[in-house]
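Structure file final39.txt with compact mmCIF, C-alpha atoms:
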```txt
# COMPACT_ATOMS: atom_id res chain seq x y z
CA MET S 1 -17.35 19.15 -25.51
CA LEU S 2 -20.18 16.60 -25.60
CA SER S 3 -21.38 15.18 -28.89
CA VAL S 4 -25.09 15.53 -29.75
CA GLY S 5 -25.64 11.84 -28.94
CA GLU S 6 -23.93 12.13 -25.58
CA LYS S 7 -25.89 15.24 -24.69
CA HIS S 8 -29.13 13.50 -25.55
CA LEU S 9 -28.23 10.51 -23.36
CA LYS S 10 -27.27 12.75 -20.50
CA ASP S 11 -30.52 14.72 -20.76
CA GLU S 12 -32.47 11.47 -20.73
CA PHE S 13 -30.58 10.29 -17.68
CA ILE S 14 -31.16 13.52 -15.79
CA ASN S 15 -34.86 13.20 -16.55
CA ILE S 16 -35.09 9.74 -15.05
CA TYR S 17 -32.97 10.91 -12.13
CA ASP S 18 -35.45 13.69 -11.42
CA GLU S 19 -38.39 11.38 -11.90
CA PHE S 20 -37.25 8.38 -9.87
CA PHE S 21 -34.76 9.66 -7.35
CA ASP S 22 -37.32 9.83 -4.53
CA ASP S 23 -38.53 6.28 -5.13
CA VAL S 24 -35.01 4.87 -5.17
CA TYR S 25 -34.11 6.87 -2.07
CA ARG S 26 -37.17 5.69 -0.13
CA TYR S 27 -36.67 2.08 -1.15
CA VAL S 28 -33.05 2.15 0.04
CA TYR S 29 -33.87 4.08 3.17
CA VAL S 30 -36.48 1.54 4.21
CA LYS S 31 -33.80 -1.15 3.82
CA THR S 32 -31.01 0.61 5.68
CA SER S 33 -32.88 2.78 8.19
CA ASN S 34 -30.09 5.33 8.16
CA LYS S 35 -29.34 8.38 6.09
CA TRP S 36 -25.59 7.75 5.65
CA ASP S 37 -25.81 4.25 4.22
CA THR S 38 -28.77 5.33 2.13
CA GLU S 39 -26.84 8.16 0.52
CA ASP S 40 -23.85 5.95 -0.21
CA ILE S 41 -26.03 3.32 -1.81
CA VAL S 42 -28.16 5.78 -3.76
CA SER S 43 -25.03 7.47 -5.14
CA GLU S 44 -23.62 4.12 -6.17
CA THR S 45 -26.92 3.08 -7.73
CA PHE S 46 -27.16 6.17 -9.92
CA ARG S 47 -23.45 5.98 -10.78
CA LYS S 48 -23.92 2.43 -12.07
CA ALA S 49 -27.05 3.49 -13.92
CA PHE S 50 -25.21 6.42 -15.52
CA GLU S 51 -22.46 4.12 -16.77
CA LYS S 52 -24.93 1.67 -18.30
CA TRP S 53 -27.62 4.06 -19.43
CA ASP S 54 -26.65 3.90 -23.10
CA VAL S 55 -26.97 0.09 -23.18
CA LEU S 56 -30.46 0.08 -21.71
CA ASN S 57 -32.58 -0.65 -24.76
CA ASP S 58 -36.02 -0.25 -23.25
CA LYS S 59 -35.98 3.12 -21.56
CA THR S 60 -39.63 2.70 -20.56
CA GLY S 61 -38.49 0.10 -18.03
CA ALA S 62 -36.09 2.56 -16.44
CA LYS S 63 -37.76 2.61 -13.04
CA SER S 64 -37.71 -1.14 -12.46
CA TRP S 65 -34.18 -1.21 -13.88
CA LEU S 66 -33.09 1.43 -11.37
CA LEU S 67 -34.76 -0.37 -8.48
CA ALA S 68 -33.11 -3.65 -9.51
CA ILE S 69 -29.72 -1.91 -9.45
CA ALA S 70 -30.55 -0.41 -6.06
CA ARG S 71 -31.57 -3.81 -4.69
CA ASN S 72 -28.29 -5.41 -5.82
CA THR S 73 -26.28 -2.45 -4.60
CA VAL S 74 -27.74 -2.81 -1.12
CA ILE S 75 -26.61 -6.45 -1.07
CA ASP S 76 -23.15 -5.58 -2.38
CA TYR S 77 -22.83 -2.71 0.05
CA TYR S 78 -23.37 -4.87 3.09
CA ARG S 79 -21.19 -7.65 1.74
CA ARG S 80 -18.35 -5.15 1.45
CA LYS S 81 -18.80 -4.14 5.06
CA LYS S 82 -16.50 -6.66 6.63
CA HIS S 83 -18.03 -6.52 10.03
CA LEU S 84 -21.19 -7.97 8.63
CA PRO S 85 -21.05 -11.76 8.40
CA MET S 86 -22.21 -13.35 5.21
CA GLY S 87 -25.14 -15.72 4.84
CA ASP S 88 -28.26 -15.10 6.78
CA ASP S 89 -27.22 -11.56 7.64
CA VAL S 90 -27.23 -10.57 4.00
CA GLU S 91 -30.75 -11.90 3.86
CA PHE S 92 -31.45 -9.68 6.82
CA TYR S 93 -30.62 -6.66 4.71
CA LEU S 94 -32.56 -7.94 1.78
CA GLN S 95 -35.44 -7.75 4.14
CA SER S 96 -36.45 -4.19 4.87
CA GLN S 97 -35.87 -2.78 8.31
CA PRO S 98 -38.36 -0.80 10.37
CA PHE S 99 -37.39 2.77 9.64
CA GLU S 100 -37.28 5.80 11.83
CA ASP S 101 -39.66 8.54 10.93
CA PRO S 102 -38.49 12.03 11.79
CA PHE S 103 -42.01 13.36 11.96
CA GLU S 104 -44.70 12.76 14.45
CA GLN S 105 -47.50 10.71 13.05
CA SER S 106 -50.92 9.53 13.92
CA ALA S 107 -51.68 6.51 16.09
CA ASP S 108 -52.84 4.69 12.93
CA LEU S 109 -49.55 5.26 11.17
CA ASP S 110 -47.61 4.44 14.29
CA CYS S 111 -49.46 1.15 14.60
CA LEU S 112 -48.94 0.47 10.89
CA LYS S 113 -45.23 1.00 11.29
CA GLN S 114 -45.12 -1.41 14.21
CA SER S 115 -47.19 -3.93 12.28
CA LEU S 116 -44.66 -3.95 9.44
CA ARG S 117 -42.30 -5.73 11.82
CA HIS S 118 -44.57 -8.75 11.76
CA LEU S 119 -44.36 -9.25 8.01
CA SER S 120 -42.21 -11.96 6.49
CA LYS S 121 -39.12 -11.02 4.47
CA GLU S 122 -40.96 -11.52 1.23
CA GLU S 123 -44.02 -9.58 2.38
CA TYR S 124 -41.84 -6.70 3.53
CA GLU S 125 -40.01 -6.59 0.19
CA ILE S 126 -43.31 -6.58 -1.68
CA THR S 127 -44.56 -3.76 0.56
CA ASN S 128 -41.39 -1.77 0.03
CA LEU S 129 -41.39 -2.11 -3.74
CA ARG S 130 -45.14 -1.61 -4.12
CA TYR S 131 -45.92 1.14 -1.64
CA PHE S 132 -42.64 2.92 -0.81
CA ALA S 133 -40.91 2.67 -4.19
CA GLY S 134 -44.23 2.92 -6.02
CA LEU S 135 -43.69 0.11 -8.51
CA LYS S 136 -46.38 -1.56 -10.57
CA PHE S 137 -46.90 -5.29 -10.17
CA LYS S 138 -45.43 -5.89 -13.61
CA GLU S 139 -42.27 -4.06 -12.64
CA MET S 140 -42.07 -5.90 -9.32
CA ALA S 141 -42.45 -9.21 -11.13
CA ALA S 142 -39.40 -8.38 -13.26
CA ILE S 143 -37.27 -7.54 -10.23
CA LEU S 144 -38.35 -10.37 -7.98
CA GLN S 145 -38.67 -12.79 -10.89
CA LYS S 146 -42.08 -13.92 -9.75
CA ALA S 147 -45.40 -14.10 -11.52
CA GLU S 148 -47.35 -10.87 -11.53
CA ASP S 149 -50.56 -12.59 -10.42
CA SER S 150 -48.80 -14.27 -7.56
CA LEU S 151 -47.54 -10.90 -6.37
CA ARG S 152 -51.04 -9.44 -6.57
CA VAL S 153 -52.36 -12.25 -4.40
CA LYS S 154 -49.55 -11.83 -1.90
CA ALA S 155 -50.03 -8.07 -1.78
CA ASN S 156 -53.75 -8.58 -1.19
CA ARG S 157 -53.03 -10.96 1.66
CA LEU S 158 -50.45 -8.81 3.28
CA THR S 159 -52.60 -5.68 3.29
CA LYS S 160 -55.35 -7.67 4.99
CA LYS S 161 -52.81 -9.03 7.46
CA LEU S 162 -51.61 -5.51 8.17
CA GLY S 163 -55.20 -4.34 8.60
CA LYS S 164 -55.77 -6.89 11.33
CA LEU S 165 -52.46 -6.09 13.01
CA VAL S 166 -53.23 -2.37 13.03
CA LYS S 167 -56.66 -2.93 14.52
CA LYS S 168 -55.12 -5.13 17.17
CA CYS S 169 -52.53 -2.48 17.87
CA LEU S 170 -55.24 0.17 18.20
CA GLY S 171 -57.19 -2.10 20.55
CA GLU S 172 -60.13 -2.44 18.18
CA ILE S 173 -59.97 -6.23 18.21
CA MET B 1 -56.73 -5.31 -0.97
CA ASP B 2 -57.41 -3.37 2.16
CA PRO B 3 -57.92 0.14 0.76
CA GLU B 4 -57.49 1.79 4.14
CA ILE B 5 -54.15 0.09 4.71
CA GLU B 6 -53.05 0.96 1.18
CA LYS B 7 -53.93 4.58 1.86
CA GLN B 8 -52.02 4.53 5.14
CA LEU B 9 -49.00 2.87 3.51
CA ARG B 10 -48.91 5.66 0.93
CA GLN B 11 -49.12 8.21 3.71
CA LEU B 12 -46.29 6.48 5.50
CA ARG B 13 -44.29 6.62 2.27
CA ASN B 14 -44.59 10.39 2.25
CA HIS B 15 -43.17 10.49 5.74
CA ILE B 16 -39.86 9.09 4.56
CA TYR B 17 -37.64 12.13 4.51
CA ILE B 18 -35.77 12.87 1.30
CA ASP B 19 -32.56 14.84 1.72
CA GLU B 20 -33.04 17.46 -0.98
CA THR B 21 -29.55 18.91 -0.53
CA PHE B 22 -28.01 15.52 -1.24
CA LYS B 23 -30.37 15.01 -4.16
CA GLN B 24 -29.38 18.31 -5.82
CA SER B 25 -25.70 17.81 -5.09
CA LEU B 26 -25.67 14.36 -6.69
CA ARG B 27 -27.64 15.71 -9.65
CA LYS B 28 -25.00 18.38 -10.23
CA ASP B 29 -22.34 15.69 -10.27
CA PHE B 30 -24.11 13.91 -13.07
CA LEU B 31 -24.57 17.12 -15.01
CA LYS B 32 -20.79 17.61 -14.96
CA LYS B 33 -19.92 13.97 -15.37
CA ARG B 34 -18.77 12.53 -18.65
CA LYS B 35 -19.96 9.15 -19.77
CA LYS B 36 -16.36 8.00 -19.96
CA PRO B 37 -13.46 9.55 -18.12
CA ILE B 38 -11.37 11.65 -20.49
CA TRP B 39 -8.40 9.30 -20.20
CA LYS B 40 -10.51 6.44 -21.49
CA MET B 41 -11.28 8.23 -24.75
CA PRO B 42 -9.38 6.71 -27.68
CA TRP B 43 -7.89 9.94 -28.98
CA VAL B 44 -6.63 10.85 -25.52
CA ALA B 45 -5.04 7.43 -25.07
CA VAL B 46 -3.37 7.66 -28.48
CA SER B 47 -2.09 11.18 -27.72
CA ALA B 48 -0.75 10.09 -24.33
CA ALA B 49 1.04 7.12 -25.90
CA ALA B 50 2.57 9.40 -28.56
CA ILE B 51 3.81 11.85 -25.91
CA VAL B 52 5.38 9.05 -23.86
CA PHE B 53 7.02 7.61 -27.00
CA LEU B 54 8.47 11.00 -27.96
CA ALA B 55 9.68 11.61 -24.42
CA ILE B 56 11.52 8.28 -24.41
CA LEU B 57 12.92 8.95 -27.85
CA ILE B 58 14.19 12.42 -26.94
CA THR B 59 15.67 11.45 -23.59
CA SER B 60 17.40 8.43 -25.10
CA PHE B 61 19.56 10.84 -27.15
CA GLN B 62 20.52 12.72 -24.03
CA VAL B 63 21.86 9.74 -22.09
CA GLU B 64 25.59 9.55 -21.82
CA HIS B 65 26.47 6.16 -23.23
CA THR B 66 29.21 4.07 -21.67
CA ASN B 67 31.73 2.56 -23.96
CA ALA B 68 31.33 -1.19 -23.65
CA SER B 69 35.07 -1.67 -23.79
CA SER B 70 35.49 0.39 -20.65
CA LEU B 71 33.62 -2.24 -18.70
CA ASN B 72 36.29 -4.75 -19.55
CA VAL B 73 39.41 -3.92 -17.79
CA ALA B 74 43.04 -4.19 -18.29
CA ASN B 75 44.71 -7.50 -17.59
CA SER B 76 41.59 -9.48 -18.46
CA ILE B 77 39.50 -8.83 -15.41
CA SER B 78 36.09 -7.24 -15.25
CA PHE B 79 33.77 -6.26 -12.50
CA PHE B 80 32.05 -9.60 -12.94
CA ASP B 81 35.33 -11.50 -12.62
CA VAL B 82 35.93 -9.73 -9.35
CA GLY B 83 32.53 -10.76 -8.16
CA GLU B 84 33.17 -14.36 -9.15
CA GLY B 85 36.67 -14.53 -7.67
CA GLU B 86 37.53 -15.22 -4.06
CA ILE B 87 38.36 -11.90 -2.49
CA THR B 88 40.92 -12.42 0.25
CA ALA B 89 41.27 -8.78 1.32
CA TYR B 90 40.40 -5.29 0.19
CA SER B 91 41.16 -1.73 1.10
CA HIS B 92 40.53 1.75 -0.26
CA TYR B 93 42.47 4.94 -0.52
CA GLN B 94 41.58 8.30 -2.05
CA GLY B 95 38.63 6.90 -3.95
CA ASN B 96 40.53 3.88 -5.25
CA LEU B 97 39.60 0.37 -4.33
CA TYR B 98 42.26 -2.30 -3.87
CA VAL B 99 41.03 -5.86 -4.14
CA SER B 100 43.11 -8.97 -3.56
CA ILE B 101 41.82 -12.02 -5.39
CA LYS B 102 43.06 -15.47 -4.49
CA ASN B 103 45.66 -16.87 -6.94
CA LYS B 104 45.37 -13.79 -9.13
CA GLY B 105 46.83 -10.78 -7.42
CA ILE B 106 45.87 -7.33 -6.23
CA TYR B 107 43.74 -5.17 -8.48
CA LEU B 108 43.24 -1.44 -8.35
CA ASN B 109 39.87 -0.08 -9.29
CA SER B 110 39.90 3.54 -10.39
CA SER B 111 37.43 5.24 -12.75
CA GLY B 112 35.59 1.96 -13.28
CA ASP B 113 38.56 -0.11 -14.50
CA PHE B 114 40.25 -2.95 -12.65
CA GLU B 115 43.96 -2.90 -13.17
CA LYS B 116 46.25 -5.60 -11.89
CA ILE B 117 49.05 -3.98 -9.95
CA THR B 118 50.82 -7.00 -8.51
CA THR B 119 50.70 -10.76 -8.60
CA LEU B 120 51.14 -10.76 -4.85
CA THR B 121 47.96 -11.53 -3.01
CA ALA B 122 47.06 -10.33 0.44
CA ASP B 123 45.76 -12.29 3.42
CA SER B 124 44.94 -9.00 5.09
CA MET B 125 45.15 -5.42 3.97
CA ASN B 126 45.08 -2.22 5.97
CA SER B 127 42.23 0.10 5.30
CA SER B 128 43.99 3.23 6.57
CA VAL B 129 46.48 3.91 3.88
CA ASN B 130 49.25 6.35 4.68
CA GLU B 131 51.37 8.25 2.25
CA GLU B 132 53.97 5.54 2.74
CA GLY B 133 51.80 2.89 1.16
CA LEU B 134 49.30 0.19 1.68
CA LEU B 135 50.14 -2.36 4.36
CA LEU B 136 49.34 -5.97 3.65
CA THR B 137 50.39 -9.43 4.71
CA ASN B 138 51.05 -12.47 2.60
CA GLY B 139 51.94 -15.81 4.19
CA GLY B 140 52.62 -14.06 7.50
CA SER B 141 55.04 -11.52 6.02
CA ILE B 142 54.32 -7.82 6.07
CA TYR B 143 54.56 -5.86 2.81
CA ILE B 144 54.11 -2.28 1.75
CA LEU B 145 52.39 -1.61 -1.55
CA HIS B 146 53.28 1.82 -2.94
CA PRO B 147 50.22 3.20 -4.72
CA THR B 148 52.13 5.50 -7.02
CA THR B 149 54.78 3.08 -8.24
CA LYS B 150 52.61 -0.02 -7.58
CA ALA B 151 55.73 -1.72 -6.28
CA THR B 152 55.61 -4.07 -3.31
CA GLU B 153 58.26 -4.18 -0.61
CA GLU B 154 58.64 -6.85 2.03
CA ILE B 155 59.17 -5.37 5.47
CA LYS B 156 59.32 -8.27 7.83
CA ALA B 157 58.82 -12.00 7.58
CA GLY B 158 57.05 -13.89 10.33
CA SER B 159 53.54 -14.79 11.30
CA TYR B 160 51.88 -11.41 11.15
CA SER B 161 48.47 -10.28 10.05
CA HIS B 162 46.34 -7.13 10.01
CA PRO B 163 49.11 -4.58 9.89
CA ALA B 164 48.15 -0.97 10.65
CA TRP B 165 50.04 2.29 10.48
CA LYS B 166 50.81 4.13 13.71
CA ASP B 167 52.93 6.78 11.99
CA SER B 168 55.31 6.89 9.07
CA LYS B 169 57.96 5.01 11.04
CA THR B 170 55.92 2.61 13.16
CA ILE B 171 53.24 0.02 12.53
CA PHE B 172 51.07 -2.27 14.61
CA ALA B 173 50.37 -5.87 13.65
CA GLU B 174 48.73 -8.94 15.03
CA LYS B 175 51.07 -11.79 15.93
CA ASN B 176 49.90 -14.95 17.72
CA ASN B 177 46.90 -13.21 19.30
CA THR B 178 48.99 -10.33 20.54
CA ILE B 179 49.44 -6.83 19.19
CA VAL B 180 52.99 -5.88 18.41
CA GLU B 181 54.48 -2.52 17.55
CA ILE B 182 57.22 -2.61 14.90
CA ASP B 183 59.76 0.11 14.27
CA LEU B 184 60.18 0.22 10.50
CA GLN B 185 63.73 1.56 10.70
CA THR B 186 65.18 -0.95 13.14
CA LEU B 187 62.51 -3.65 12.54
CA LYS B 188 62.49 -4.24 16.28
CA GLU B 189 59.16 -5.16 17.71
CA LYS B 190 57.61 -4.98 21.15
CA GLN B 191 54.48 -6.55 22.50
CA VAL B 192 51.72 -4.05 23.23
CA THR B 193 48.90 -6.16 24.56
CA GLU B 194 46.90 -9.28 23.94
CA GLY B 195 44.43 -8.91 21.14
CA THR B 196 43.85 -9.08 17.40
CA MET B 197 43.02 -6.85 14.42
CA PRO B 198 44.60 -3.57 15.49
CA SER B 199 43.54 -0.26 14.00
CA TYR B 200 45.03 3.05 15.07
CA ILE B 201 43.15 6.36 15.34
CA LYS B 202 45.90 8.88 14.83
CA GLU B 203 43.93 12.02 15.76
CA GLU B 204 42.83 10.60 19.08
CA LYS B 205 45.91 8.47 19.70
CA LYS B 206 43.78 5.42 20.37
CA LEU B 207 44.17 1.84 19.30
CA VAL B 208 41.13 -0.23 18.50
CA LEU B 209 41.59 -3.98 18.80
CA HIS B 210 39.71 -7.14 19.51
CA VAL B 211 40.29 -9.10 22.70
CA MET B 212 38.98 -12.44 23.90
CA VAL B 213 36.77 -12.10 26.95
CA PRO B 214 34.71 -14.65 28.87
CA SER B 215 31.25 -14.98 27.38
CA SER B 216 28.24 -13.97 29.41
CA SER B 217 27.54 -17.64 30.12
CA GLY B 218 31.07 -18.00 31.51
CA THR B 219 31.64 -21.27 29.65
CA ALA B 220 33.53 -19.89 26.67
CA THR B 221 35.35 -16.85 25.40
CA GLU B 222 34.23 -14.46 22.71
CA GLU B 223 35.90 -11.74 20.75
CA LYS B 224 34.93 -8.19 21.74
CA PRO B 225 36.22 -4.86 20.40
CA ARG B 226 38.18 -2.70 22.85
CA LEU B 227 39.61 0.77 22.75
CA MET B 228 43.08 1.41 24.18
CA MET B 229 44.46 4.83 25.09
CA GLU B 230 47.90 5.99 24.01
CA GLN B 231 49.22 5.91 27.60
CA THR B 232 48.40 2.24 27.87
CA LEU B 233 50.53 1.59 24.83
CA ARG B 234 53.49 2.99 26.63
CA PHE B 235 52.83 1.34 29.94
CA GLN B 236 51.23 -1.80 28.50
CA HIS B 237 48.80 -1.79 31.37
CA LYS B 238 45.84 -4.03 30.67
CA ALA B 239 43.72 -2.35 33.32
CA ASP B 240 43.60 0.72 31.11
CA ILE B 241 41.75 -1.04 28.32
CA PHE B 242 38.37 0.57 27.89
CA PRO B 243 35.29 -1.03 26.50
CA MET B 244 33.97 0.83 23.45
```
Spit out the file's structure as structure tokens when you get a sec.
Amino acid sequence: MLSVGEKHLKDEFINIYDEFFDDVYRYVYVKTSNKWDTEDIVSETFRKAFEKWDVLNDKTGAKSWLLAIARNTVIDYYRRKKHLPMGDDVEFYLQSQPFEDPFEQSADLDCLKQSLRHLSKEEYEITNLRYFAGLKFKEMAAILQKAEDSLRVKANRLTKKLGKLVKKCLGEI
Amino acid sequence: MDPEIEKQLRQLRNHIYIDETFKQSLRKDFLKKRKKPIWKMPWVAVSAAAIVFLAILITSFQVEHTNASSLNVANSISFFDVGEGEITAYSHYQGNLYVSIKNKGIYLNSSGDFEKITTLTADSMNSSVNEEGLLLTNGGSIYILHPTTKATEEIKAGSYSHPAWKDSKTIFAEKNNTIVEIDLQTLKEKQVTEGTMPSYIKEEKKLVLHVMVPSSSGTATEEKPRLMMEQTLRFQHKADIFPM
């Protein structure tokens, strides 16, 4: 039988699960590019979050907290996989991978997907957190430990860079 | 910001497939899950410790205790003394262990006690004890130790070792790297074959012994076990010695 306090905590946790599951899932999927690794990592992320939920003082920062756990879990997950050498390869997984899309998409989106391959590691991580995980710049700043303004500038630059790459891909330049 | 690219990135985001079955399944797990596993809860741990303590307490009353004095044995020898002493020979018969300890004597171990039965020590002792007694040698002489009376009886002096019963009236023994057969009534002996350490299998009428054979390299000899049939004992024909 759960105490009133425990029930309250569990209800809170289920609410954030429902609210942020999709963002965490997408963020991890973009990093792993496969469903199986994604599900392992997402499970582990929420398990860790469940264990520590009661010590999280500021519940309003739950989303960035969850994404920070997910980011570290991805790193740990690939470190545990012995076949993956350490060092630069871990960095490789910190960087997001071009993901497979099960649905057909327009030429624009197809070109955008291809253009993502030309982003730097940092630019790709900013794109993932900002547009696929749906974080605010303030939340991204907490995770990446960078200044919010700096991230805004970088995001501005990278969207312009992507715009040019897409146009080039479409043959408009 | 490039608003068109931002719009397309958000569209692309929606193309990332979410496995709803997995999502609901994981959610159910958390609905059932406790914050702490039940065994980590203090009252459970205390209860478990109490149960284990009671179980130990109860079972400790059910253990049959051994009287400490029974571990020390008659004639001032214990199991540990046997372990520390130099065992020169040993044999067993009907669940009893006979141990010869250098400069001490032969001890009988039955029901956990070591009892000294003779001051005579054995250089070799036969492991197939007949009703007639336990065969042993001391200083080359053959003795019989009678288990019931614990008396020792010298049979024949000489340079014998490894005596073995053939039947109640005949024994085999090793003498100068040959096997001899001794008639206990007349004490006459006859050479059977070359070899050492005889042991007789009464049911199959076979003699097991060790013989020296050339080593595989051909430069030395080595001791190998052999099996000899009853007929060969009569005819003393070495060609009838069979490898085991």
Review point. Given the choices S:Val28, S:Leu66, S:Ala142, S:Leu109, which gets closest to chain B if the distance is worked out from all atoms listed in the file?
Key: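 When distances to chain B are compared using all atoms listed in the file, the smallest one comes from S:Leu109.
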What are the closest atom pairs, with distances in Å to one decimal, for each residue of chain S lying within 8 Å of chain B, using all atoms listed in the file, rows by chain and rising residue number, as JSON lines?
```
{"residue": "S:Glu6", "atom": "CA", "partner": "B:Lys35", "partner_atom": "CA", "distance": 7.6}
{"residue": "S:Lys10", "atom": "CA", "partner": "B:Leu31", "partner_atom": "CA", "distance": 7.5}
{"residue": "S:Ile14", "atom": "CA", "partner": "B:Arg27", "partner_atom": "CA", "distance": 7.4}
{"residue": "S:Tyr17", "atom": "CA", "partner": "B:Arg27", "partner_atom": "CA", "distance": 7.6}
{"residue": "S:Phe21", "atom": "CA", "partner": "B:Lys23", "partner_atom": "CA", "distance": 7.6}
{"residue": "S:Asp22", "atom": "CA", "partner": "B:Ile18", "partner_atom": "CA", "distance": 6.8}
{"residue": "S:Tyr25", "atom": "CA", "partner": "B:Ile18", "partner_atom": "CA", "distance": 7.1}
{"residue": "S:Arg26", "atom": "CA", "partner": "B:Ile16", "partner_atom": "CA", "distance": 6.4}
{"residue": "S:Tyr29", "atom": "CA", "partner": "B:Ile16", "partner_atom": "CA", "distance": 7.9}
{"residue": "S:Glu39", "atom": "CA", "partner": "B:Phe22", "partner_atom": "CA", "distance": 7.7}
{"residue": "S:Ser43", "atom": "CA", "partner": "B:Leu26", "partner_atom": "CA", "distance": 7.1}
{"residue": "S:Phe50", "atom": "CA", "partner": "B:Lys35", "partner_atom": "CA", "distance": 7.3}
{"residue": "S:Glu51", "atom": "CA", "partner": "B:Lys35", "partner_atom": "CA", "distance": 6.4}
{"residue": "S:Asp101", "atom": "CA", "partner": "B:Ile16", "partner_atom": "CA", "distance": 6.4}
{"residue": "S:Pro102", "atom": "CA", "partner": "B:Tyr17", "partner_atom": "CA", "distance": 7.3}
{"residue": "S:Phe103", "atom": "CA", "partner": "B:His15", "partner_atom": "CA", "distance": 6.9}
{"residue": "S:Asp108", "atom": "CA", "partner": "B:Gln8", "partner_atom": "CA", "distance": 7.8}
{"residue": "S:Leu109", "atom": "CA", "partner": "B:Gln8", "partner_atom": "CA", "distance": 6.6}
{"residue": "S:Leu112", "atom": "CA", "partner": "B:Gln8", "partner_atom": "CA", "distance": 7.7}
{"residue": "S:Tyr131", "atom": "CA", "partner": "B:Arg10", "partner_atom": "CA", "distance": 6.0}
{"residue": "S:Phe132", "atom": "CA", "partner": "B:Arg13", "partner_atom": "CA", "distance": 5.1}
{"residue": "S:Ala155", "atom": "CA", "partner": "B:Met1", "partner_atom": "CA", "distance": 7.3}
{"residue": "S:Asn156", "atom": "CA", "partner": "B:Met1", "partner_atom": "CA", "distance": 4.4}
{"residue": "S:Arg157", "atom": "CA", "partner": "B:Met1", "partner_atom": "CA", "distance": 7.2}
{"residue": "S:Thr159", "atom": "CA", "partner": "B:Asp2", "partner_atom": "CA", "distance": 5.5}
{"residue": "S:Lys160", "atom": "CA", "partner": "B:Asp2", "partner_atom": "CA", "distance": 5.5}
{"residue": "S:Leu162", "atom": "CA", "partner": "B:Ile5", "partner_atom": "CA", "distance": 7.1}
{"residue": "S:Gly163", "atom": "CA", "partner": "B:Ile5", "partner_atom": "CA", "distance": 6.0}
```
Check your understanding: So how many Å separate CA of Lys156 in chain B and CA of Leu184 in chain B, to one decimal?
Key ->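 Value for the CA of Lys156 in chain B-CA of Leu184 in chain B distance: 8.9 Å.
The space between CA of Val74 in chain S and CA of His8 in chain S spans 29.4 Å.
Taking all atoms listed in the file, the non-local environment of Gly61 in chain S within 12 Å (same-chain residues fewer than 5 positions away omitted) comprises Ile16, Phe20, Trp53, Leu56, Leu66, Leu67, Ala68, Leu135, Lys136, Lys138, Glu139, Met140, Ala142 and Ile143 of chain S.
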Practice item. Could you tell me how far CA of Val24 in chain S lies from CA of Ala133 in chain S, in Å and to one decimal? Key: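 Separation between CA of Val24 in chain S and CA of Ala133 in chain S: 6.4 Å.
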Practice item. Excluding Leu120 in chain B and any residue of its chain fewer than 4 positions from it, enumerate the residues within 9 Å of it, using only C-alpha atoms, and give them as a list in words. Key: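 Once the nearby chain positions are removed, what remains is Ser100, Asn103, Lys104, Gly105, Ile106, Asn138 and Thr152 of chain B.
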Practice item. Name all residues at most 12 Å from Asp123 in chain B (count all atoms listed in the file; drop same-chain ones fewer than 3 positions away) and give them as a list in words. Key: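 The residues satisfying every condition are Glu86, Ile87, Thr88, Ala89, Tyr90, Ser91, Val99, Ser100, Ile101, Lys102, Asn103, Gly105, Ile106, Leu120, Asn126, Leu135, Leu136, Thr137, Asn138, Gly139, Gly140, Ser141, Ile142, Tyr143, Ser159, Tyr160, Ser161, His162 and Pro163 of chain B.
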Practice item. Using all atoms listed in the file, find the one residue out of S:Leu165, S:Ala49, S:Ala141, S:Val30 that sits nearest to Glu12 in chain S. Key: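 The closest residue to Glu12 in chain S is S:Ala49.
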